[in-house]
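Q: You'll find input.txt just under this line, and it carries compact mmCIF, C-alpha atoms.
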# COMPACT_ATOMS: atom_id res chain seq x y z
CA THR A 732 -1.99 -79.17 -10.85
CA SER A 733 -5.73 -79.14 -10.16
CA ARG A 734 -6.17 -82.44 -12.02
CA ARG A 735 -3.34 -83.99 -9.99
CA GLY A 736 -4.99 -82.74 -6.78
CA GLN A 737 -8.29 -84.26 -7.80
CA MET A 738 -6.58 -87.60 -8.53
CA GLU A 739 -4.85 -87.54 -5.14
CA ALA A 740 -8.15 -86.70 -3.41
CA GLY A 741 -9.84 -89.58 -5.23
CA GLU A 742 -7.09 -91.99 -4.17
CA GLU A 743 -7.44 -90.85 -0.56
CA GLU A 744 -11.21 -91.42 -0.69
CA ASP A 745 -10.70 -94.91 -2.14
CA CYS A 746 -8.13 -95.65 0.57
CA CYS A 747 -10.50 -94.45 3.31
CA PHE A 748 -13.34 -96.49 1.80
CA GLU A 749 -11.22 -99.65 1.73
CA CYS A 750 -10.08 -99.02 5.29
CA CYS A 751 -13.69 -98.63 6.45
CA ILE A 752 -14.68 -101.85 4.68
CA LYS A 753 -11.82 -103.71 6.36
CA CYS A 754 -12.74 -102.30 9.78
CA LEU A 755 -16.38 -103.31 9.32
CA GLY A 756 -15.22 -106.74 8.24
CA GLY A 757 -13.24 -107.06 11.45
CA VAL A 758 -16.32 -106.64 13.68
CA PRO A 759 -17.57 -109.93 15.20
CA TYR A 760 -21.26 -109.30 14.52
CA ALA A 761 -22.40 -112.49 16.21
CA SER A 762 -20.65 -111.52 19.46
CA LEU A 763 -21.97 -107.96 19.13
CA VAL A 764 -25.58 -109.15 18.77
CA ALA A 765 -25.18 -111.54 21.71
CA THR A 766 -23.68 -108.74 23.84
CA ILE A 767 -26.53 -106.34 23.06
CA LEU A 768 -29.10 -109.06 23.81
CA CYS A 769 -27.32 -109.96 27.06
CA PHE A 770 -27.12 -106.34 28.21
CA SER A 771 -30.79 -105.76 27.34
CA GLY A 772 -31.96 -108.92 29.12
CA VAL A 773 -29.93 -108.28 32.26
CA ALA A 774 -31.03 -104.62 32.35
CA LEU A 775 -34.71 -105.59 32.07
CA PHE A 776 -34.41 -108.31 34.69
CA CYS A 777 -32.46 -106.24 37.19
CA GLY A 778 -34.31 -102.94 36.77
CA CYS A 779 -37.85 -104.29 36.58
CA GLY A 780 -37.21 -106.99 39.18
CA HIS A 781 -35.86 -104.48 41.69
CA VAL A 782 -38.89 -102.18 41.40
CA ALA A 783 -41.35 -105.09 41.34
CA LEU A 784 -39.91 -106.55 44.55
CA ALA A 785 -40.33 -103.20 46.31
CA GLY A 786 -43.95 -103.02 45.13
CA THR A 787 -44.61 -106.57 46.33
CA VAL A 788 -43.41 -105.70 49.83
CA ALA A 789 -45.71 -102.65 49.86
CA ILE A 790 -48.73 -104.76 48.84
CA LEU A 791 -48.01 -107.37 51.52
CA GLU A 792 -47.53 -104.79 54.26
CA GLN A 793 -50.68 -102.83 53.40
CA HIS A 794 -53.12 -105.67 52.74
CA PHE A 795 -52.00 -109.23 53.53
CA SER A 796 -49.73 -108.93 56.57
CA THR A 797 -50.34 -105.92 58.79
CA ASN A 798 -48.07 -107.24 61.54
CA THR A 799 -44.45 -106.42 60.71
CA SER A 800 -43.02 -109.43 62.55
CA ASP A 801 -44.99 -111.82 60.33
CA HIS A 802 -43.18 -110.79 57.16
CA ALA A 803 -39.85 -109.66 58.65
CA LEU A 804 -37.98 -112.63 57.18
CA LEU A 805 -39.53 -112.05 53.76
CA SER A 806 -38.51 -108.39 53.85
CA GLU A 807 -34.92 -109.35 54.64
CA VAL A 808 -34.86 -111.91 51.82
CA ILE A 809 -36.24 -109.37 49.33
CA GLN A 810 -33.69 -106.77 50.45
CA LEU A 811 -30.93 -109.34 49.99
CA MET A 812 -32.26 -110.17 46.52
CA GLN A 813 -32.14 -106.49 45.60
CA TYR A 814 -28.47 -106.34 46.58
CA VAL A 815 -27.85 -109.50 44.53
CA ILE A 816 -29.45 -107.74 41.57
CA TYR A 817 -26.86 -104.95 41.85
CA GLY A 818 -24.09 -107.54 41.76
CA ILE A 819 -25.61 -109.38 38.78
CA ALA A 820 -25.87 -106.15 36.79
CA SER A 821 -22.25 -105.20 37.50
CA PHE A 822 -20.88 -108.67 36.81
CA PHE A 823 -22.65 -109.16 33.49
CA PHE A 824 -21.72 -105.69 32.29
CA LEU A 825 -18.06 -106.62 32.75
CA TYR A 826 -18.47 -110.19 31.51
CA GLY A 827 -20.27 -109.08 28.35
CA ILE A 828 -17.46 -106.66 27.49
CA ILE A 829 -14.86 -109.41 28.07
CA LEU A 830 -16.71 -111.83 25.79
CA LEU A 831 -17.07 -109.15 23.13
CA ALA A 832 -13.32 -108.45 23.31
CA GLU A 833 -12.63 -112.19 23.08
CA GLY A 834 -14.77 -112.27 19.96
CA PHE A 835 -12.77 -109.43 18.41
CA TYR A 836 -9.43 -111.15 19.01
CA THR A 837 -10.45 -114.59 17.79
CA THR A 838 -12.37 -113.72 14.66
CA SER A 839 -10.75 -114.61 11.38
CA ALA A 840 -11.32 -111.09 10.07
CA VAL A 841 -8.83 -109.73 12.62
CA LYS A 842 -6.27 -112.23 11.34
CA GLU A 843 -6.73 -110.85 7.83
CA LEU A 844 -6.31 -107.30 9.11
CA HIS A 845 -3.24 -107.77 11.27
CA GLY A 846 -1.56 -110.71 9.57
CA GLU A 847 -0.68 -114.09 11.04
CA PHE A 848 -0.87 -114.40 14.78
CA LYS A 849 0.54 -117.00 17.12
CA THR A 850 -1.90 -119.03 19.17
CA THR A 851 -0.54 -120.13 22.52
CA ALA A 852 -1.64 -122.83 24.92
CA CYS A 853 -2.59 -120.09 27.39
CA GLY A 854 -4.90 -118.47 24.83
CA ARG A 855 -6.61 -121.75 24.07
CA CYS A 856 -6.97 -122.45 27.78
CA ILE A 857 -8.62 -119.06 28.34
CA SER A 858 -11.04 -119.70 25.49
CA GLY A 859 -11.91 -123.09 26.97
CA MET A 860 -12.42 -121.48 30.37
CA PHE A 861 -14.88 -118.98 28.86
CA VAL A 862 -16.80 -121.86 27.25
CA PHE A 863 -17.11 -123.64 30.60
CA LEU A 864 -18.00 -120.48 32.53
CA THR A 865 -20.63 -119.45 29.98
CA TYR A 866 -22.15 -122.92 30.14
CA VAL A 867 -22.39 -122.74 33.94
CA LEU A 868 -23.91 -119.25 33.77
CA GLY A 869 -26.41 -120.42 31.17
CA VAL A 870 -27.58 -123.25 33.42
CA ALA A 871 -27.80 -120.83 36.36
CA TRP A 872 -29.88 -118.37 34.32
CA LEU A 873 -32.25 -121.16 33.36
CA GLY A 874 -32.92 -121.49 37.08
CA VAL A 875 -33.31 -117.72 37.40
CA PHE A 876 -35.76 -117.74 34.49
CA GLY A 877 -37.84 -120.44 36.16
CA PHE A 878 -37.70 -118.65 39.51
CA SER A 879 -38.79 -115.34 37.95
CA ALA A 880 -41.90 -117.07 36.57
CA VAL A 881 -43.13 -117.82 40.12
CA PRO A 882 -44.22 -114.24 41.03
CA VAL A 883 -45.79 -113.92 37.57
CA PHE A 884 -47.87 -117.01 38.34
CA MET A 885 -48.88 -115.63 41.75
CA PHE A 886 -49.90 -112.24 40.42
CA TYR A 887 -51.74 -113.87 37.52
CA ASN A 888 -53.81 -115.93 39.96
CA ILE A 889 -54.73 -112.79 41.91
CA TRP A 890 -55.52 -110.88 38.71
CA SER A 891 -57.67 -113.71 37.31
CA THR A 892 -59.57 -113.90 40.61
CA CYS A 893 -60.26 -110.16 40.38
CA GLU A 894 -61.51 -110.63 36.82
CA VAL A 895 -63.97 -113.23 38.10
CA ILE A 896 -65.21 -110.74 40.70
CA LYS A 897 -65.62 -108.05 38.02
CA SER A 898 -67.47 -110.37 35.63
CA PRO A 899 -71.21 -109.67 35.10
CA GLN A 900 -72.14 -113.15 36.36
CA THR A 901 -70.77 -112.49 39.85
CA ASN A 902 -70.80 -108.69 40.12
CA GLY A 903 -73.35 -107.48 42.65
CA THR A 904 -74.19 -110.92 43.99
CA THR A 905 -73.73 -112.17 47.53
CA GLY A 906 -71.26 -114.82 46.35
CA VAL A 907 -68.66 -112.17 45.54
CA GLU A 908 -67.53 -111.96 49.16
CA GLN A 909 -66.83 -115.68 49.14
CA ILE A 910 -64.23 -115.37 46.35
CA CYS A 911 -60.90 -115.03 48.13
CA VAL A 912 -57.14 -115.15 47.65
CA ASP A 913 -55.06 -116.62 50.47
CA ILE A 914 -51.47 -115.49 49.95
CA ARG A 915 -50.32 -117.75 52.78
CA GLN A 916 -50.72 -120.85 50.61
CA TYR A 917 -47.73 -119.74 48.51
CA GLY A 918 -45.45 -119.95 51.54
CA ILE A 919 -44.14 -116.38 51.39
CA ILE A 920 -45.75 -115.44 54.73
CA PRO A 921 -46.50 -117.75 57.69
CA TRP A 922 -49.95 -119.25 58.30
CA ASN A 923 -50.47 -117.17 61.44
CA ALA A 924 -50.09 -113.91 59.46
CA PHE A 925 -53.10 -111.61 59.70
CA PRO A 926 -55.24 -111.22 57.67
CA GLY A 927 -53.44 -113.37 55.05
CA LYS A 928 -56.67 -113.79 53.08
CA ILE A 929 -58.53 -111.07 51.17
CA CYS A 930 -62.01 -111.54 49.70
CA GLY A 931 -64.58 -109.81 47.53
CA SER A 932 -64.54 -106.07 47.08
CA ALA A 933 -61.38 -105.66 49.17
CA LEU A 934 -59.53 -107.93 46.74
CA GLU A 935 -60.90 -105.96 43.81
CA ASN A 936 -59.60 -102.75 45.35
CA ILE A 937 -56.12 -104.29 45.62
CA CYS A 938 -56.18 -105.16 41.92
CA ASN A 939 -57.07 -101.56 41.09
CA THR A 940 -54.05 -100.12 42.89
CA ASN A 941 -51.01 -98.83 41.03
CA GLU A 942 -48.68 -101.02 43.09
CA PHE A 943 -50.41 -104.20 41.93
CA TYR A 944 -50.63 -103.10 38.30
CA MET A 945 -46.98 -102.02 38.11
CA SER A 946 -45.59 -105.00 40.04
CA TYR A 947 -47.52 -107.50 37.91
CA HIS A 948 -46.33 -106.09 34.60
CA LEU A 949 -42.78 -105.47 35.84
CA PHE A 950 -42.49 -109.11 36.91
CA ILE A 951 -43.58 -110.14 33.40
CA VAL A 952 -40.93 -107.90 31.84
CA ALA A 953 -38.30 -109.19 34.30
CA CYS A 954 -39.17 -112.77 33.36
CA ALA A 955 -38.86 -111.86 29.67
CA GLY A 956 -35.48 -110.25 30.42
CA ALA A 957 -34.27 -113.45 32.09
CA GLY A 958 -35.37 -115.41 29.03
CA ALA A 959 -33.50 -113.01 26.74
CA THR A 960 -30.38 -113.44 28.88
CA VAL A 961 -30.62 -117.23 28.56
CA ILE A 962 -30.85 -116.89 24.76
CA ALA A 963 -27.86 -114.52 24.77
CA LEU A 964 -25.76 -116.94 26.82
CA ILE A 965 -26.66 -119.82 24.49
CA HIS A 966 -25.61 -117.59 21.59
CA PHE A 967 -22.35 -116.77 23.38
CA LEU A 968 -21.77 -120.48 24.03
CA MET A 969 -22.05 -121.30 20.33
CA ILE A 970 -19.71 -118.43 19.43
CA LEU A 971 -17.12 -119.38 22.04
CA SER A 972 -17.21 -123.03 20.99
CA SER A 973 -16.65 -121.99 17.37
CA ASN A 974 -13.79 -119.67 18.37
CA TRP A 975 -12.17 -122.39 20.49
CA ALA A 976 -12.35 -124.83 17.56
CA TYR A 977 -10.86 -122.13 15.33
CA LEU A 978 -7.95 -121.58 17.73
CA LYS A 979 -7.41 -125.33 17.98
CA ASP A 980 -7.24 -125.67 14.18
CA ALA A 981 -5.01 -122.61 13.96
CA SER A 982 -2.59 -124.13 16.47
CA LYS A 983 -2.44 -127.34 14.45
CA MET A 984 -1.84 -125.37 11.27
CA GLN A 985 0.82 -123.35 13.04
CA ALA A 986 2.61 -126.52 14.18
CA TYR A 987 2.41 -127.93 10.64
CA GLN A 988 3.84 -124.73 9.16
CA ASP A 989 6.67 -124.71 11.71
CA ILE A 990 7.60 -128.31 10.86
CA LYS A 991 7.36 -127.58 7.14
CA ALA A 992 9.56 -124.48 7.47
CA LYS A 993 12.11 -126.46 9.50
CA GLU A 994 12.23 -129.22 6.88
CA GLU A 995 12.63 -126.69 4.07
CA GLN A 996 15.45 -125.02 5.96
CA GLU A 997 17.19 -128.36 6.48
CA LEU A 998 16.75 -129.16 2.77
CA GLN A 999 18.28 -125.82 1.81
CA ASP A 1000 21.21 -126.45 4.16
CA ILE A 1001 21.82 -129.86 2.60
CA GLN A 1002 21.68 -128.40 -0.90
CA SER A 1003 24.06 -125.59 0.01
CA ARG A 1004 26.54 -128.05 1.56
CA SER A 1005 26.29 -130.24 -1.53
CA LYS A 1006 27.07 -127.32 -3.79
CA GLU A 1007 30.04 -126.37 -1.62
CA GLN A 1008 31.42 -129.91 -1.82
CA LEU A 1009 31.00 -129.98 -5.59
CA ASN A 1010 32.74 -126.66 -5.92
CA SER A 1011 35.63 -127.88 -3.77
CA TYR A 1012 36.14 -130.94 -6.02
CA THR A 1013 36.18 -128.83 -9.15
Spell out the structure here as structure tokens.
A:
Amino acid sequence: TSRRGQMEAGEEEDCCFECCIKCLGGVPYASLVATILCFSGVALFCGCGHVALAGTVAILEQHFSTNTSDHALLSEVIQLMQYVIYGIASFFFLYGIILLAEGFYTTSAVKELHGEFKTTACGRCISGMFVFLTYVLGVAWLGVFGFSAVPVFMFYNIWSTCEVIKSPQTNGTTGVEQICVDIRQYGIIPWNAFPGKICGSALENICNTNEFYMSYHLFIVACAGAGATVIALIHFLMILSSNWAYLKDASKMQAYQDIKAKEEQELQDIQSRSKEQLNSYT
């Protein structure tokens, strides 16, 4: 009895092991990697971008534009961009899950697990729609990636100017006060904004603040997150194109098998009728 119990336990373990292997084989790893990369990129862009925008407004209000009316439009635009960030995060969380589910249901491993499945024109149309939508989103995120590099460029110019002020060649000389940064030339505040331009030691003090340090590095991380999202969408586009081609081939194979089965059935009917006629003659 004990030996029989051990054999049954061993068979159950082998069955569980085979089941686990089949389940792991049914995971669309390419879609899973693209989903993780997309979630990570969107999270970095939205989280870091939101905080960096708030820090940018604080720097402008405290140092470059003391009059509230001068940067009122900019404040409204930044607030609107923060709300857009909330929408982007929510949309891509849902869209990533949908694409991952689409990867599960179109992978060939699922077909091996659950047997033959019927591809419909609606299913192929949905897959084609995802290919088109992902392509459009990829192009849009290329624009977002380029746009997110603009504040990095602005903060880098300010930071590099501060490094020149801190350098031994200029530190302590009278020419330090002539090294300035005019934020108005970037077009984010009007030319009549006061003071608009910061020079010398005052500019160095701005670079030493936590707001400047955090905003600069958060914009860099947000730009990297946008780049990661672009890569993830390109990855998704390749996966969806492959899945759409797979569904198209599967539909052709399905049509061929239906025609073949119909012909075989007709041949069997003819043979059965022939046998019946021969039997009636005999």
Q: In Å, with one decimal, what is the gap from CA of Ile914 in chain A to CA of Met945 in chain A?
A: 18.5 Å
Q: CA of Ala783 in chain A and CA of Ser898 in chain A, how far apart in Å?
A: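 CA of Ser898 in chain A sits 27.3 Å away from CA of Ala783 in chain A.
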Q: Is it possible to get the residues within 12 Å of (-40.8, -110.4, 37.9) (coordinates as in the file, counting all atoms listed in the file) written as a compact mmCIF listing (two decimals) with C-alpha atoms, keeping the file's coordinate frame?
A:
# COMPACT_ATOMS: atom_id res chain seq x y z
CA LEU A 775 -34.71 -105.59 32.07
CA PHE A 776 -34.41 -108.31 34.69
CA CYS A 777 -32.46 -106.24 37.19
CA GLY A 778 -34.31 -102.94 36.77
CA CYS A 779 -37.85 -104.29 36.58
CA GLY A 780 -37.21 -106.99 39.18
CA HIS A 781 -35.86 -104.48 41.69
CA VAL A 782 -38.89 -102.18 41.40
CA ALA A 783 -41.35 -105.09 41.34
CA LEU A 784 -39.91 -106.55 44.55
CA ALA A 785 -40.33 -103.20 46.31
CA GLY A 786 -43.95 -103.02 45.13
CA THR A 787 -44.61 -106.57 46.33
CA VAL A 875 -33.31 -117.72 37.40
CA PHE A 876 -35.76 -117.74 34.49
CA GLY A 877 -37.84 -120.44 36.16
CA PHE A 878 -37.70 -118.65 39.51
CA SER A 879 -38.79 -115.34 37.95
CA ALA A 880 -41.90 -117.07 36.57
CA VAL A 881 -43.13 -117.82 40.12
CA PRO A 882 -44.22 -114.24 41.03
CA VAL A 883 -45.79 -113.92 37.57
CA PHE A 884 -47.87 -117.01 38.34
CA MET A 885 -48.88 -115.63 41.75
CA PHE A 886 -49.90 -112.24 40.42
CA TYR A 887 -51.74 -113.87 37.52
CA MET A 945 -46.98 -102.02 38.11
CA SER A 946 -45.59 -105.00 40.04
CA TYR A 947 -47.52 -107.50 37.91
CA HIS A 948 -46.33 -106.09 34.60
CA LEU A 949 -42.78 -105.47 35.84
CA PHE A 950 -42.49 -109.11 36.91
CA ILE A 951 -43.58 -110.14 33.40
CA VAL A 952 -40.93 -107.90 31.84
CA ALA A 953 -38.30 -109.19 34.30
CA CYS A 954 -39.17 -112.77 33.36
CA ALA A 955 -38.86 -111.86 29.67
CA GLY A 956 -35.48 -110.25 30.42
CA ALA A 957 -34.27 -113.45 32.09
CA GLY A 958 -35.37 -115.41 29.03
Q: State, in Å with one decimal place, the distance from CA of Tyr944 in chain A to CA of Ala871 in chain A.
A: 29.0 Å
Q: Show me as a list in words the residues that reach within 9 Å of (-51.7, -107.5, 51.1), counting only C-alpha atoms and using the file's own coordinates.
A: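 Those within range, by chain then number, are Thr787, Val788, Ala789, Ile790, Leu791, Glu792, Gln793, His794, Phe795, Ser796, Thr797, Ile914, Pro926, Gly927, Lys928, Ile929, Leu934 and Ile937 of chain A.
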Q: For Ala832 in chain A, which residue out of A:Ala803, A:Val815, A:Cys930, A:Leu971 is the nearest one, using only C-alpha atoms?
A: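 Between A:Ala803, A:Val815, A:Cys930, A:Leu971, the residue approaching Ala832 in chain A most closely is A:Leu971.
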Q: Set up a box along x, y and z of the file covering all listed atoms of range 805-808 of chain A, add 5 Å on every one of the six sides, and write the centre and edge lengths in Å to one decimal, as AutoDock Vina command-line options.
A:
--center_x -37.2 --center_y -110.2 --center_z 53.2 --size_x 14.7 --size_y 13.7 --size_z 12.8
Q: Between A:Gln813, A:Asn888, A:Gln916, A:Asn923, which one has atoms that come closest to Asp801 in chain A, using all atoms listed in the file?
A: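 Distance minimum relative to Asp801 in chain A lands on A:Asn923.
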Q: Could you pull the residues within 7 Å of Cys769 in chain A, counting only C-alpha atoms, minus those fewer than 2 positions along the same chain, as a ChimeraX atom specification?
A: /A:765-767,771-773,959-960,963
Q: Write to file, as a tab-separated table (two decimals), in the frame of the given file, the residues of the selection just made, with C-alpha atoms.
A:
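again.tsv, written as the output of this step:
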chain	number	residue	atom	x	y	z
A	765	ALA	CA	-25.18	-111.54	21.71
A	766	THR	CA	-23.68	-108.74	23.84
A	767	ILE	CA	-26.53	-106.34	23.06
A	771	SER	CA	-30.79	-105.76	27.34
A	772	GLY	CA	-31.96	-108.92	29.12
A	773	VAL	CA	-29.93	-108.28	32.26
A	959	ALA	CA	-33.50	-113.01	26.74
A	960	THR	CA	-30.38	-113.44	28.88
A	963	ALA	CA	-27.86	-114.52	24.77
Q: Name all residues at most 12 Å from Phe863 in chain A (count only C-alpha atoms; drop same-chain ones fewer than 2 positions away) and give them as a VMD selection string.
A: chain A and resid 856 to 861 865 to 870 964 to 965 967 to 969 971 to 972 975
